[in-house]
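Enquirer: Next comes the structure file my_file03.txt, holding compact mmCIF, C-alpha atoms.
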# COMPACT_ATOMS: atom_id res chain seq x y z
CA MET A 1 94.39 8.62 151.45
CA ASP A 2 93.52 12.10 150.19
CA THR A 3 94.26 13.29 146.66
CA GLN A 4 97.11 15.58 147.73
CA SER A 5 99.22 12.73 149.07
CA LEU A 6 98.30 10.45 146.15
CA VAL A 7 99.76 13.08 143.83
CA LEU A 8 102.92 13.07 145.93
CA VAL A 9 103.12 9.27 145.58
CA TYR A 10 103.23 9.69 141.82
CA ALA A 11 105.77 12.52 142.07
CA TYR A 12 108.15 10.33 144.07
CA LEU A 13 107.61 7.38 141.70
CA GLY A 14 108.42 9.69 138.80
CA ALA A 15 111.58 10.94 140.52
CA GLY A 16 112.79 7.38 141.03
CA PHE A 17 112.06 6.33 137.48
CA SER A 18 113.67 9.48 136.13
CA ILE A 19 117.13 9.17 137.62
CA GLY A 20 117.04 5.36 137.87
CA LEU A 21 116.42 4.83 134.18
CA GLY A 22 118.32 7.93 133.16
CA ALA A 23 121.55 6.77 134.77
CA ILE A 24 121.74 3.56 132.71
CA GLY A 25 122.63 5.03 129.33
CA PRO A 26 125.27 7.58 130.39
CA ALA A 27 126.86 5.03 132.72
CA TYR A 28 127.25 2.52 129.89
CA GLY A 29 128.60 5.21 127.55
CA ILE A 30 131.11 6.50 130.08
CA GLY A 31 132.31 2.98 130.84
CA LEU A 32 132.75 2.25 127.14
CA ALA A 33 134.85 5.39 126.75
CA ALA A 34 137.00 4.39 129.71
CA SER A 35 137.60 0.91 128.30
CA LYS A 36 138.60 2.28 124.89
CA ALA A 37 140.90 4.78 126.62
CA CYS A 38 142.59 1.89 128.44
CA GLN A 39 143.18 0.13 125.12
CA ALA A 40 144.56 3.33 123.61
CA VAL A 41 146.97 3.81 126.51
CA THR A 42 148.19 0.23 126.00
CA ARG A 43 148.91 1.04 122.38
CA GLN A 44 150.61 4.40 122.97
CA PRO A 45 151.78 4.69 126.59
CA HIS A 46 153.59 7.99 126.02
CA ALA A 47 150.36 9.70 124.89
CA SER A 48 148.46 8.80 128.06
CA GLY A 49 148.10 12.47 129.05
CA SER A 50 146.23 13.54 125.93
CA ILE A 51 144.14 10.34 125.94
CA MET A 52 143.15 11.06 129.53
CA LYS A 53 142.21 14.64 128.63
CA THR A 54 140.02 13.54 125.71
CA MET A 55 138.37 10.89 127.89
CA LEU A 56 137.60 13.27 130.77
CA VAL A 57 136.22 16.10 128.61
CA GLY A 58 134.07 13.65 126.65
CA GLN A 59 132.78 11.97 129.79
CA ALA A 60 131.84 15.32 131.31
CA VAL A 61 129.77 16.07 128.22
CA SER A 62 128.20 12.59 128.01
CA GLU A 63 127.01 13.04 131.57
CA SER A 64 124.65 15.82 130.64
CA PRO A 65 121.67 13.51 129.82
CA ALA A 66 122.06 12.15 133.35
CA ILE A 67 122.16 15.72 134.67
CA PHE A 68 118.88 16.46 132.86
CA ALA A 69 117.32 13.35 134.46
CA LEU A 70 118.66 14.39 137.86
CA LEU A 71 117.23 17.89 137.38
CA ILE A 72 113.75 16.50 136.72
CA ALA A 73 114.12 14.08 139.66
CA ILE A 74 115.02 16.96 141.99
CA PHE A 75 112.07 19.02 140.74
CA LEU A 76 109.77 16.06 141.38
CA THR A 77 111.24 15.41 144.84
CA PHE A 78 110.62 18.98 145.95
CA LYS A 79 107.20 19.16 144.30
CA ILE A 80 105.72 18.99 147.82
CA TYR A 81 106.56 22.68 148.35
CA ASN A 82 104.72 24.00 145.32
CA LEU A 83 101.77 21.75 144.69
CA PRO A 84 98.67 23.47 143.25
CA ASP A 85 95.74 23.86 145.62
CA GLU A 86 93.32 21.75 143.64
CA VAL A 87 94.78 18.51 142.35
CA SER A 88 93.20 15.83 140.19
CA ILE A 89 94.10 12.53 138.59
CA ILE A 90 95.63 14.45 135.66
CA HIS A 91 98.36 15.82 137.91
CA MET A 92 99.33 12.28 138.94
CA ALA A 93 99.66 11.21 135.31
CA MET A 94 101.64 14.34 134.46
CA LEU A 95 104.18 13.87 137.26
CA LEU A 96 104.74 10.18 136.47
CA ALA A 97 104.99 10.96 132.76
CA ALA A 98 107.53 13.73 133.40
CA GLY A 99 109.75 11.30 135.28
CA LEU A 100 109.45 8.52 132.71
CA CYS A 101 110.05 10.96 129.87
CA ALA A 102 113.28 12.33 131.32
CA GLY A 103 114.47 8.85 132.35
CA LEU A 104 113.82 7.00 129.11
CA GLY A 105 114.86 10.00 127.02
CA SER A 106 118.40 9.97 128.36
CA LEU A 107 119.03 6.26 127.70
CA GLY A 108 119.89 6.58 124.02
CA PRO A 109 121.81 9.89 124.01
CA GLY A 110 123.95 8.70 126.93
CA VAL A 111 125.06 5.59 125.07
CA GLY A 112 125.44 7.50 121.81
CA SER A 113 127.68 10.25 123.13
CA GLY A 114 129.68 7.64 125.05
CA VAL A 115 130.33 5.75 121.81
CA ALA A 116 131.52 8.99 120.19
CA ASN A 117 133.85 9.59 123.13
CA ALA A 118 135.18 6.02 122.87
CA SER A 119 136.01 6.47 119.19
CA ALA A 120 137.75 9.76 119.89
CA CYS A 121 139.92 8.08 122.57
CA GLU A 122 140.76 5.33 120.10
CA GLY A 123 141.67 7.92 117.48
CA VAL A 124 143.99 9.78 119.85
CA GLY A 125 145.57 6.40 120.63
CA ARG A 126 146.31 5.88 116.95
CA ASP A 127 147.63 9.38 116.22
CA PRO A 128 148.21 11.61 119.26
CA GLU A 129 148.97 14.61 117.06
CA LEU A 130 145.35 14.77 115.92
CA GLU A 131 144.14 15.48 119.46
CA ALA A 132 142.79 19.02 118.88
CA PRO A 133 140.62 18.33 115.78
CA LEU A 134 139.40 15.04 117.30
CA LEU A 135 138.37 16.81 120.50
CA ARG A 136 136.51 19.47 118.52
CA THR A 137 134.71 16.98 116.29
CA MET A 138 133.82 14.85 119.30
CA LEU A 139 132.35 17.81 121.20
CA ILE A 140 130.18 18.92 118.27
CA GLY A 141 129.02 15.37 117.54
CA GLN A 142 128.17 14.70 121.16
CA ALA A 143 126.29 17.98 121.44
CA VAL A 144 124.18 17.14 118.38
CA SER A 145 123.57 13.56 119.51
CA GLN A 146 122.26 14.90 122.81
CA SER A 147 119.56 16.93 121.06
CA THR A 148 117.10 14.09 121.64
CA SER A 149 117.62 14.17 125.39
CA VAL A 150 117.13 17.94 125.24
CA TYR A 151 113.76 17.33 123.57
CA ALA A 152 112.84 14.91 126.38
CA LEU A 153 113.85 17.59 128.92
CA VAL A 154 111.67 20.18 127.15
CA ILE A 155 108.63 17.90 127.29
CA SER A 156 109.13 16.95 130.94
CA MET A 157 109.52 20.60 131.94
CA CYS A 158 106.33 21.39 130.02
CA LEU A 159 104.57 18.61 131.93
CA LEU A 160 105.93 19.91 135.23
CA PHE A 161 105.43 23.65 134.89
CA VAL A 162 103.36 24.74 131.92
CA ILE A 163 100.17 22.70 132.14
CA MET B 1 156.97 25.65 157.95
CA SER B 2 154.73 26.18 154.95
CA LYS B 3 153.12 22.75 155.42
CA LYS B 4 152.19 23.63 158.99
CA LEU B 5 150.81 26.96 157.79
CA ILE B 6 148.63 25.29 155.14
CA LEU B 7 147.36 22.66 157.59
CA GLY B 8 146.55 25.39 160.10
CA ALA B 9 144.69 27.40 157.47
CA VAL B 10 142.66 24.33 156.41
CA ALA B 11 141.80 23.52 160.01
CA PHE B 12 140.80 27.15 160.59
CA ILE B 13 138.52 27.14 157.53
CA ILE B 14 136.92 23.84 158.61
CA ILE B 15 136.26 25.18 162.11
CA ILE B 16 134.74 28.40 160.72
CA GLN B 17 132.62 26.32 158.34
CA LEU B 18 131.44 24.09 161.21
CA ILE B 19 130.43 27.13 163.23
CA ILE B 20 128.55 28.58 160.25
CA ALA B 21 127.01 25.21 159.37
CA LEU B 22 125.43 24.83 162.77
CA GLN B 23 123.59 28.13 162.30
CA ILE B 24 122.10 27.27 158.89
CA LYS B 25 118.92 25.30 158.52
CA PRO B 26 118.39 23.49 155.19
CA ASP B 27 115.77 25.28 153.11
CA MET B 28 114.63 23.46 150.00
CA SER B 29 111.38 25.34 149.42
CA ALA B 30 112.91 27.67 146.81
CA ILE B 31 113.85 24.81 144.45
CA GLY B 32 111.58 24.34 141.51
CA THR B 33 109.65 27.56 141.97
CA PRO B 34 109.50 29.94 139.04
CA PRO B 35 111.84 32.97 139.27
CA HIS B 36 110.64 36.21 140.81
CA LYS B 37 109.40 38.57 138.14
CA VAL B 38 108.54 42.24 138.11
CA LYS B 39 105.27 42.70 136.25
CA GLU B 40 104.75 46.47 136.54
CA ILE B 41 106.98 49.49 136.23
CA PHE B 42 105.79 53.06 136.93
CA GLY B 43 102.21 51.87 136.90
CA ARG B 44 102.50 50.31 133.43
CA SER B 45 102.37 46.58 132.89
CA ILE B 46 105.35 44.98 131.10
CA PRO B 47 104.57 42.87 128.01
CA PHE B 48 105.44 39.15 127.81
CA ASN B 49 104.46 38.35 131.40
CA GLY B 50 107.04 40.44 133.26
CA VAL B 51 110.80 40.73 133.53
CA ASN B 52 113.30 38.79 135.63
CA VAL B 53 115.28 41.65 137.18
CA THR B 54 118.32 39.58 138.24
CA THR B 55 118.86 38.22 134.74
CA VAL B 56 118.56 41.61 133.09
CA THR B 57 120.86 43.49 135.49
CA VAL B 58 123.52 40.76 135.60
CA SER B 59 123.62 40.34 131.82
CA TRP B 60 123.83 44.13 131.35
CA GLY B 61 126.65 44.17 133.88
CA ILE B 62 128.50 41.48 131.91
CA MET B 63 128.00 43.40 128.67
CA PHE B 64 129.27 46.60 130.31
CA PHE B 65 132.29 44.72 131.67
CA LEU B 66 133.14 43.19 128.27
CA ILE B 67 132.75 46.51 126.45
CA VAL B 68 134.88 48.42 128.96
CA VAL B 69 137.61 45.76 128.96
CA SER B 70 137.77 45.65 125.17
CA ILE B 71 137.94 49.46 124.92
CA ILE B 72 140.75 49.56 127.49
CA ILE B 73 142.67 46.79 125.69
CA ASN B 74 142.18 48.47 122.31
CA THR B 75 143.48 51.86 123.43
CA ARG B 76 146.62 50.30 124.87
CA LEU B 77 147.68 48.09 121.95
CA ARG B 78 151.44 47.71 121.73
CA GLN B 79 153.84 46.12 119.28
CA VAL B 80 155.30 43.98 122.06
CA PRO B 81 152.25 42.65 123.91
CA GLY B 82 151.99 42.60 127.68
CA ARG B 83 150.31 39.88 129.67
CA THR B 84 146.70 41.08 129.35
CA GLN B 85 147.02 41.83 125.65
CA MET B 86 148.55 38.36 125.19
CA ILE B 87 145.50 36.62 126.67
CA PHE B 88 143.13 38.48 124.38
CA GLU B 89 145.35 37.88 121.35
CA ILE B 90 145.30 34.14 122.10
CA VAL B 91 141.47 34.16 122.29
CA ILE B 92 141.10 36.15 119.05
CA GLU B 93 143.64 34.03 117.16
CA PHE B 94 142.03 30.81 118.38
CA PHE B 95 138.60 31.84 117.09
CA ASP B 96 140.03 33.23 113.85
CA LYS B 97 141.71 29.90 113.16
CA LEU B 98 138.56 28.02 114.14
CA CYS B 99 136.40 30.03 111.72
CA ARG B 100 138.93 29.68 108.91
CA ASP B 101 139.19 25.92 109.49
CA THR B 102 135.43 25.50 109.44
CA MET B 103 134.41 27.77 106.56
CA GLY B 104 137.52 28.72 104.62
CA ASP B 105 138.23 32.40 103.96
CA LYS B 106 134.54 33.30 104.28
CA GLY B 107 134.74 32.42 107.97
CA HIS B 108 136.76 35.54 108.77
CA ILE B 109 133.57 37.66 108.75
CA PHE B 110 131.87 35.56 111.43
CA MET B 111 134.80 35.60 113.86
CA PRO B 112 133.68 38.69 115.88
CA TYR B 113 130.19 37.25 116.32
CA VAL B 114 131.36 33.80 117.42
CA ALA B 115 134.05 35.15 119.77
CA THR B 116 131.60 37.60 121.37
CA LEU B 117 129.08 34.80 121.85
CA PHE B 118 131.74 32.68 123.55
CA LEU B 119 133.00 35.46 125.84
CA PHE B 120 129.50 36.55 126.87
CA ILE B 121 128.33 33.00 127.67
CA LEU B 122 131.59 32.19 129.44
CA CYS B 123 131.25 35.24 131.71
CA SER B 124 127.56 34.45 132.28
CA ASN B 125 128.33 30.87 133.31
CA TRP B 126 131.28 31.75 135.50
CA ILE B 127 129.56 34.58 137.38
CA GLY B 128 127.47 31.97 139.20
CA ILE B 129 130.42 30.90 141.37
CA LEU B 130 130.52 34.30 143.10
CA PRO B 131 129.13 33.77 146.61
CA PHE B 132 126.39 36.42 146.51
CA SER B 133 122.74 35.46 146.61
CA PHE B 134 121.68 38.38 144.38
CA ILE B 135 123.89 37.19 141.50
CA GLU B 136 122.60 34.34 139.36
CA GLU B 137 123.80 33.06 136.02
CA PRO B 138 121.84 34.85 133.26
CA THR B 139 122.08 31.61 131.26
CA ARG B 140 120.05 29.93 134.00
CA ASP B 141 117.05 31.82 132.64
CA LEU B 142 115.49 30.38 129.48
CA ASN B 143 114.87 33.90 128.13
CA THR B 144 118.61 34.60 127.77
CA THR B 145 119.50 31.32 126.07
CA LEU B 146 116.47 31.41 123.80
CA GLY B 147 117.37 34.98 122.83
CA LEU B 148 120.93 33.93 121.97
CA GLY B 149 119.58 30.93 120.05
CA ILE B 150 117.21 33.13 118.02
CA ILE B 151 120.08 35.50 117.19
CA ALA B 152 122.17 32.54 115.97
CA PHE B 153 119.19 31.27 113.93
CA PHE B 154 118.71 34.59 112.15
CA VAL B 155 122.44 35.10 111.57
CA ALA B 156 122.72 31.67 109.94
CA HIS B 157 119.66 32.09 107.71
CA ILE B 158 120.42 35.65 106.63
CA ALA B 159 124.02 34.66 105.88
CA ALA B 160 122.73 31.76 103.78
CA ILE B 161 120.43 34.10 101.80
CA CYS B 162 123.28 36.59 101.26
CA TYR B 163 125.75 33.97 100.07
CA LYS B 164 123.48 31.68 98.05
CA GLY B 165 120.68 33.93 96.87
CA ILE B 166 117.04 33.56 97.86
CA PHE B 167 116.15 30.96 95.22
CA ARG B 168 118.90 28.49 96.07
CA TYR B 169 118.13 29.04 99.76
CA ILE B 170 114.50 28.07 99.24
CA ALA B 171 115.45 25.21 96.93
CA ASP B 172 117.53 23.71 99.72
CA TYR B 173 114.36 22.99 101.66
CA PHE B 174 113.28 20.59 98.90
CA GLU B 175 116.44 18.47 99.06
CA PRO B 176 117.05 15.63 98.30
CA MET B 177 115.48 16.15 94.85
CA PHE B 178 114.17 13.59 92.40
CA GLU B 179 116.26 13.21 89.28
CA ILE B 180 114.58 12.00 86.11
CA LYS B 181 116.74 12.03 82.96
CA GLY B 182 119.02 14.71 84.36
CA VAL B 183 116.15 17.08 85.29
CA LYS B 184 115.83 17.87 88.99
CA ILE B 185 112.32 17.97 90.43
CA PRO B 186 111.82 19.52 93.89
CA ASN B 187 110.57 17.04 96.43
CA VAL B 188 107.59 18.54 98.29
CA LEU B 189 107.52 15.65 100.75
CA PHE B 190 110.79 16.73 102.34
CA PHE B 191 109.79 20.38 102.90
CA PRO B 192 108.08 19.85 106.31
CA ILE B 193 110.89 17.59 107.51
CA ASN B 194 113.57 20.14 106.59
CA ALA B 195 111.59 23.04 108.06
CA ILE B 196 110.99 21.23 111.37
CA GLY B 197 114.65 20.22 111.41
CA GLU B 198 115.66 23.89 111.29
CA LEU B 199 113.32 24.74 114.19
CA GLY B 200 114.57 21.70 116.10
CA LYS B 201 118.10 23.06 115.83
CA LEU B 202 116.94 26.31 117.48
CA VAL B 203 115.19 24.47 120.32
CA SER B 204 118.02 22.03 121.06
CA HIS B 205 120.66 24.76 120.75
CA SER B 206 119.12 27.01 123.39
CA PHE B 207 117.72 24.34 125.71
CA ARG B 208 121.07 22.52 125.90
CA LEU B 209 122.79 25.52 127.48
CA TYR B 210 119.80 26.26 129.71
CA GLY B 211 119.44 22.67 130.93
CA ASN B 212 123.13 22.21 131.68
CA ILE B 213 123.54 25.47 133.59
CA LEU B 214 120.25 25.18 135.48
CA GLY B 215 121.00 21.54 136.31
CA GLY B 216 124.44 22.38 137.64
CA ALA B 217 123.15 25.34 139.66
CA ILE B 218 120.33 23.33 141.26
CA ILE B 219 122.59 20.36 142.06
CA ILE B 220 125.01 22.77 143.77
CA GLN B 221 122.12 24.34 145.68
CA VAL B 222 120.68 21.01 146.86
CA ILE B 223 124.00 19.46 147.89
CA SER B 224 125.11 22.68 149.60
CA ASN B 225 121.91 22.55 151.61
CA LEU B 226 122.32 18.88 152.48
CA THR B 227 125.96 19.25 153.57
CA ARG B 228 125.23 22.63 155.15
CA TYR B 229 127.80 24.41 152.97
CA MET B 230 130.70 22.21 154.13
CA ILE B 231 133.71 21.66 151.78
CA LEU B 232 131.88 19.68 149.06
CA PRO B 233 130.31 22.74 147.33
CA ILE B 234 133.81 24.00 146.44
CA GLY B 235 134.48 20.95 144.26
CA LEU B 236 131.00 21.08 142.78
CA ASN B 237 131.47 24.75 141.91
CA LEU B 238 134.76 23.91 140.23
CA PHE B 239 133.16 21.17 138.13
CA PHE B 240 129.72 22.58 137.32
CA GLY B 241 130.68 26.26 137.40
CA LEU B 242 134.09 26.48 135.76
CA PHE B 243 134.49 23.26 133.75
CA VAL B 244 130.95 22.61 132.48
CA GLY B 245 130.45 26.36 132.01
CA ALA B 246 133.51 26.64 129.77
CA VAL B 247 132.68 23.49 127.78
CA GLN B 248 129.08 24.56 127.22
CA ALA B 249 130.10 28.09 126.18
CA PHE B 250 132.52 26.60 123.63
CA VAL B 251 129.89 24.12 122.40
CA PHE B 252 127.31 26.90 121.97
CA ALA B 253 129.65 29.16 119.98
CA MET B 254 130.98 26.25 117.92
CA LEU B 255 127.49 24.97 117.10
CA ALA B 256 126.40 28.46 116.00
CA LEU B 257 129.40 28.51 113.64
CA THR B 258 128.62 24.99 112.39
CA TYR B 259 124.99 25.88 111.67
CA ILE B 260 126.15 28.92 109.70
CA ALA B 261 128.65 26.78 107.78
CA VAL B 262 126.08 24.08 107.00
CA LEU B 263 123.54 26.60 105.69
CA VAL B 264 126.04 28.69 103.73
CA GLU B 265 127.82 25.80 102.05
CA GLY B 266 125.09 23.13 101.93
Take the structure in this file and express it as structure tokens.

Expert:
Amino acid sequence: MDTQSLVLVYAYLGAGFSIGLGAIGPAYGIGLAASKACQAVTRQPHASGSIMKTMLVGQAVSESPAIFALLIAIFLTFKIYNLPDEVSIIHMAMLLAAGLCAGLGSLGPGVGSGVANASACEGVGRDPELEAPLLRTMLIGQAVSQSTSVYALVISMCLLFVI
Amino acid sequence: MSKKLILGAVAFIIIIQLIIALQIKPDMSAIGTPPHKVKEIFGRSIPFNGVNVTTVTVSWGIMFFLIVVSIIINTRLRQVPGRTQMIFEIVIEFFDKLCRDTMGDKGHIFMPYVATLFLFILCSNWIGILPFSFIEEPTRDLNTTLGLGIIAFFVAHIAAICYKGIFRYIADYFEPMFEIKGVKIPNVLFFPINAIGELGKLVSHSFRLYGNILGGAIIIQVISNLTRYMILPIGLNLFFGLFVGAVQAFVFAMLALTYIAVLVEG
């Protein structure tokens, strides 16, 4: 096998690792939020609309680590179209590392922002009138807790494009 | 009657889409390539490795649009507001309340900055759903988001220096301080950690917007190609274009305000 196709092997491995590992954390977090929302609806059935809204907005934000992992996976999948002319063993390591970085980097932030979303749903279930400040606090907290996955994204994009 | 009309319209759209879809061949080669840049103008080279023309023109267009709309609204202010004036009053009041809730009465000064940030990013994110290939979200380019992040960084730090004075501002980098018999001694060990933390805020602030918008745009592009522009891209545009765009614009503006509040009051 020539070097060009060996590099592609590593790119595809990286793509698989990236979205495969990166989906675990956000999936767990989103599920946790949904389960807490179910409990909150049991407690306050008449507030189910605002609980649902909090849950959906929070889940859309907790998905963004998975979106970062998917972005890197797509870049790696279509690496075949813009491979450099001369490739070496360093390129293989870089592509695999980019995938692993994005995948493992979104494990923690996914779970973390899901936990924040779950607590917000629980809070709306206790006092539906506090929906607006809870939603705001949850959004800011989730955004800050996702900083770490943003750092992972920065490093994988550096590995993919800069070097 | 109306049900039949709607069903007929849907069937018509699907047939048109099928006819178009058969003509298109999936083209994935553009994904993951760096954006096209102009490196020379009138025989002179442009500093910083060229300019992305789409980003610059589209963001200038959005700025022009916002300025013209606000001038028109301002010249036609009435005691009893009409529909358009109502929308803008709701936006302004929302951000005024937000700033006052976050920072107290000081927050009033930062309201124009935060509201402008929100409106500009919202328009930039939403312009991507227009079906023209020459229009791209300016926030899809790292240069735009990094520029906005650097502006927010400087606003927060200069506001902190104005409100607290330069000495207390510098002293904050040495927190938490040792305390021996009531005398506070600055802790040199924490200076690098605090300084890197401030830079980390800048990086995560700008890359969050960039990553979300670029990710959404590329997912839409790939899935549109795979389904040959049939039906599914509409839902994706609604989610990634309108919903995620609005949430990320709000998060960006809100985080800028929070960083200002933390530095001014910390």

Enquirer: Pick out the closest residue to Gly245 (chain B) from this set: B:Met177, B:Ile127, B:Ile151, B:Val222. Count all atoms listed in the file.

Expert: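 Closest to Gly245 (chain B) of all the choices is B:Ile127.
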
Enquirer: Using all atoms listed in the file, find the residues of chain A whose closest atom to chain B is at most 7 Å away, then write them as a VMD selection string.

Expert: chain A and resid 64 67 to 68 71 75 78 81 to 82 139 to 140 147 150 to 151

Enquirer: Please provide the set of residues having any atom within 12 Å of Pro45 (chain A), restricted to only C-alpha atoms, with same-chain residues fewer than 5 positions apart removed, written as a list in words.

Expert: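 Here the answer would be Ala37, Cys38, Gln39, Ala40, Ser50, Ile51, Met52, Val124, Gly125, Arg126 and Pro128 of chain A.
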
Enquirer: Output C-alpha atoms for every residue in the selection just made, as a PDB file, in the frame of the given file.

Expert:
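Saved the output as selection.pdb:
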ATOM      1  CA  ALA A  37     140.900   4.780 126.620  1.00  0.00           C
ATOM      2  CA  CYS A  38     142.590   1.890 128.440  1.00  0.00           C
ATOM      3  CA  GLN A  39     143.180   0.130 125.120  1.00  0.00           C
ATOM      4  CA  ALA A  40     144.560   3.330 123.610  1.00  0.00           C
ATOM      5  CA  SER A  50     146.230  13.540 125.930  1.00  0.00           C
ATOM      6  CA  ILE A  51     144.140  10.340 125.940  1.00  0.00           C
ATOM      7  CA  MET A  52     143.150  11.060 129.530  1.00  0.00           C
ATOM      8  CA  VAL A 124     143.990   9.780 119.850  1.00  0.00           C
ATOM      9  CA  GLY A 125     145.570   6.400 120.630  1.00  0.00           C
ATOM     10  CA  ARG A 126     146.310   5.880 116.950  1.00  0.00           C
ATOM     11  CA  PRO A 128     148.210  11.610 119.260  1.00  0.00           C
TER      12      PRO A 128
END

Enquirer: Distance CA of Val9 (chain A)-CA of Arg140 (chain B), one decimal place?

Expert: 29.1 Å

Enquirer: List as a PyMOL selection string the protein and nucleic acid residues near Ser224 (chain B), meaning an atom at most 10 Å away when all atoms listed in the file are counted, but skip any in the same chain fewer than 4 places from it.

Expert: chain B and resi 26+218-220+228-234+236

Enquirer: Compare B:Ser2, B:Asn194, B:Thr227, B:Ser70 by their minimum atom-to-atom distance to Ile87 (chain B), counting all atoms listed in the file, and give me the closest one.

Expert: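 With all atoms listed in the file as the atom set, the closest residue is B:Ser70.
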
Enquirer: Write out as a VMD selection string the residues lying within 7 Å of region 29-33 of chain A, counting all atoms listed in the file and excluding same-chain residues fewer than 3 positions away.

Expert: chain A and resid 25 to 26 36 to 37 55 59 110 to 115 117 to 118

Enquirer: Rounded to one decimal place, report the CA of Leu56 (chain A)-CA of Ile90 (chain B) distance in Å.

Expert: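 If I compute the distance from CA of Leu56 (chain A) to CA of Ile90 (chain B), I get 23.9 Å.
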
Enquirer: To one decimal in Å, tell me the separation between CA of Arg168 (chain B) and CA of Lys184 (chain B).

Expert: 13.1 Å

Enquirer: Quick one: axis-aligned box around all listed atoms of region 100-103 of chain B, 6 Å on every side, centre and edge lengths in Å to one decimal, written as lines of an AutoDock Vina configuration file.

Expert:
center_x = 136.8
center_y = 27.6
center_z = 108.0
size_x = 16.8
size_y = 16.2
size_z = 14.9

Enquirer: Give the answer as one residue: which of B:Phe132, B:Tyr113, B:Phe167, B:Phe120 has the shortest atom-to-atom distance to Ala256 (chain B), using all atoms listed in the file?

Expert: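 For Ala256 (chain B), the nearest of the given residues is B:Tyr113.
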
Enquirer: In file coordinates, which residues lie within 12 Å of (99.8, 15.5, 133.4) using only C-alpha atoms, given as a list of chain:residue names?

Expert: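 Checked against the point, the hits come out as A:Val7, A:Tyr10, A:Ala11, A:Gly14, A:Val87, A:Ser88, A:Ile89, A:Ile90, A:His91, A:Met92, A:Ala93, A:Met94, A:Leu95, A:Leu96, A:Ala97, A:Ala98, A:Gly99, A:Leu100, A:Cys101, A:Ile155, A:Ser156, A:Met157, A:Cys158, A:Leu159, A:Leu160, A:Phe161, A:Val162, A:Ile163.
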